[in-house]
Amino acid sequence: MSKDIATRVTTGVQALALPGQREGWQAQHRGSLLTDAQTYDALADAIQADLKARRLDGDLPWGISAAARARKRVKPLREAARAMRQAAKAINGTVAAYEETQPEVVMRRREDKALRKAQRKQQLGAAAHNSAQATLQRLAPTDGEGEQAGAPKLLGDFFGPNNRQQRGA
């Protein structure tokens, strides 16, 4: 790693921009991070085993104090290894997010979304039209005088003198 950070960043961005190099960049960096994580875990195991073997005056029997002290001392190395594994996952997420922002992918998604929206609007419009027609059918039944079913009527048409229905017995 003799390159400065600006050169490495520029190289990484260029590798992400080219689909053929993207997978190679991802595999290289993910592999190096996972290798570092394994190295930190191995180092933590070795240090922990060494510290467990060192007993001090006043320790509890059976090495309980030494084991607790050893775990406490290797905790930063274990956290570093965990951070390396999380960084490897982040590399996968970064590459996936970069692929999602490619112009072709974005345009295809927008077109698909607009098509689904138009279909949904058409379905809702048809359902509303059918509902309105069914309501008109219920409100304006045919009375045999040549009027069509579903023809709009006024409220007075239901209660006027032409209507033979009367309340009561």
# chains A, B, ... in the order shown; residues from 1 in each chain; ligands from 1

$ residues_around --residues "Ala44 in chain A" --least-positions-apart "5" --cutoff "10 Å" --atoms "only C-alpha atoms" --output "mmCIF file with N, CA, C and O atoms, in the first residue's frame"
data_model
loop_
_atom_site.group_PDB
_atom_site.id
_atom_site.type_symbol
_atom_site.label_atom_id
_atom_site.label_comp_id
_atom_site.auth_asym_id
_atom_site.auth_seq_id
_atom_site.Cartn_x
_atom_site.Cartn_y
_atom_site.Cartn_z
ATOM 1 N N GLN A 38 -9.434 -12.273 9.956
ATOM 2 C CA GLN A 38 -8.946 -13.575 10.411
ATOM 3 C C GLN A 38 -7.619 -13.429 11.147
ATOM 4 O O GLN A 38 -7.371 -14.100 12.153
ATOM 5 N N THR A 39 -6.773 -12.541 10.661
ATOM 6 C CA THR A 39 -5.482 -12.306 11.307
ATOM 7 C C THR A 39 -5.686 -11.734 12.708
ATOM 8 O O THR A 39 -5.032 -12.165 13.671
ATOM 9 N N ALA A 49 -4.617 -16.856 24.969
ATOM 10 C CA ALA A 49 -4.053 -18.096 25.517
ATOM 11 C C ALA A 49 -2.820 -17.803 26.364
ATOM 12 O O ALA A 49 -2.626 -18.403 27.438
ATOM 13 N N ASP A 50 -1.976 -16.872 25.915
ATOM 14 C CA ASP A 50 -0.772 -16.521 26.670
ATOM 15 C C ASP A 50 -1.143 -15.860 28.000
ATOM 16 O O ASP A 50 -0.565 -16.187 29.047
ATOM 17 N N ALA A 70 -7.639 -11.872 30.548
ATOM 18 C CA ALA A 70 -7.228 -12.106 29.160
ATOM 19 C C ALA A 70 -8.321 -11.659 28.191
ATOM 20 O O ALA A 70 -8.033 -11.021 27.173
ATOM 21 N N ARG A 71 -9.583 -12.001 28.501
ATOM 22 C CA ARG A 71 -10.686 -11.573 27.632
ATOM 23 C C ARG A 71 -10.763 -10.058 27.544
ATOM 24 O O ARG A 71 -11.018 -9.484 26.492
ATOM 25 N N ARG A 73 -8.335 -7.946 27.832
ATOM 26 C CA ARG A 73 -7.210 -7.391 27.075
ATOM 27 C C ARG A 73 -7.326 -7.610 25.564
ATOM 28 O O ARG A 73 -6.791 -6.827 24.794
ATOM 29 N N VAL A 74 -7.986 -8.683 25.146
ATOM 30 C CA VAL A 74 -8.093 -8.955 23.712
ATOM 31 C C VAL A 74 -9.388 -8.405 23.113
ATOM 32 O O VAL A 74 -9.602 -8.518 21.900
ATOM 33 N N LYS A 75 -10.222 -7.800 23.927
ATOM 34 C CA LYS A 75 -11.493 -7.266 23.434
ATOM 35 C C LYS A 75 -11.301 -6.259 22.293
ATOM 36 O O LYS A 75 -12.019 -6.315 21.291
ATOM 37 N N PRO A 76 -10.340 -5.330 22.365
ATOM 38 C CA PRO A 76 -10.148 -4.403 21.229
ATOM 39 C C PRO A 76 -9.787 -5.118 19.914
ATOM 40 O O PRO A 76 -10.249 -4.706 18.838
ATOM 41 N N LEU A 77 -9.018 -6.190 20.005
ATOM 42 C CA LEU A 77 -8.688 -6.934 18.788
ATOM 43 C C LEU A 77 -9.924 -7.628 18.221
ATOM 44 O O LEU A 77 -10.130 -7.662 17.003
ATOM 45 N N ARG A 78 -10.752 -8.183 19.089
ATOM 46 C CA ARG A 78 -11.994 -8.830 18.621
ATOM 47 C C ARG A 78 -12.918 -7.790 17.969
ATOM 48 O O ARG A 78 -13.547 -8.067 16.946
ATOM 49 N N ALA A 81 -11.619 -7.007 14.528
ATOM 50 C CA ALA A 81 -11.955 -8.069 13.579
ATOM 51 C C ALA A 81 -13.420 -7.961 13.166
ATOM 52 O O ALA A 81 -13.760 -8.115 11.981
#

$ closest_residue --among "A:Lys113, A:Leu34, A:Thr10, A:Ala53" --to "Ala80 in chain A" --atoms "only C-alpha atoms"
A:Leu34

$ atom_distance --atom1 "CA of Leu16 in chain A" --atom2 "CA of Asp41 in chain A"
29.9 Å

$ closest_residue --among "A:Asp112, A:Glu99, A:Glu79, A:Glu104" --to "Tyr40 in chain A" --atoms "only C-alpha atoms"
A:Glu79

$ closest_residue --among "A:Leu51, A:Leu56, A:Ala67, A:Val95" --to "Arg22 in chain A" --atoms "only C-alpha atoms"
A:Val95
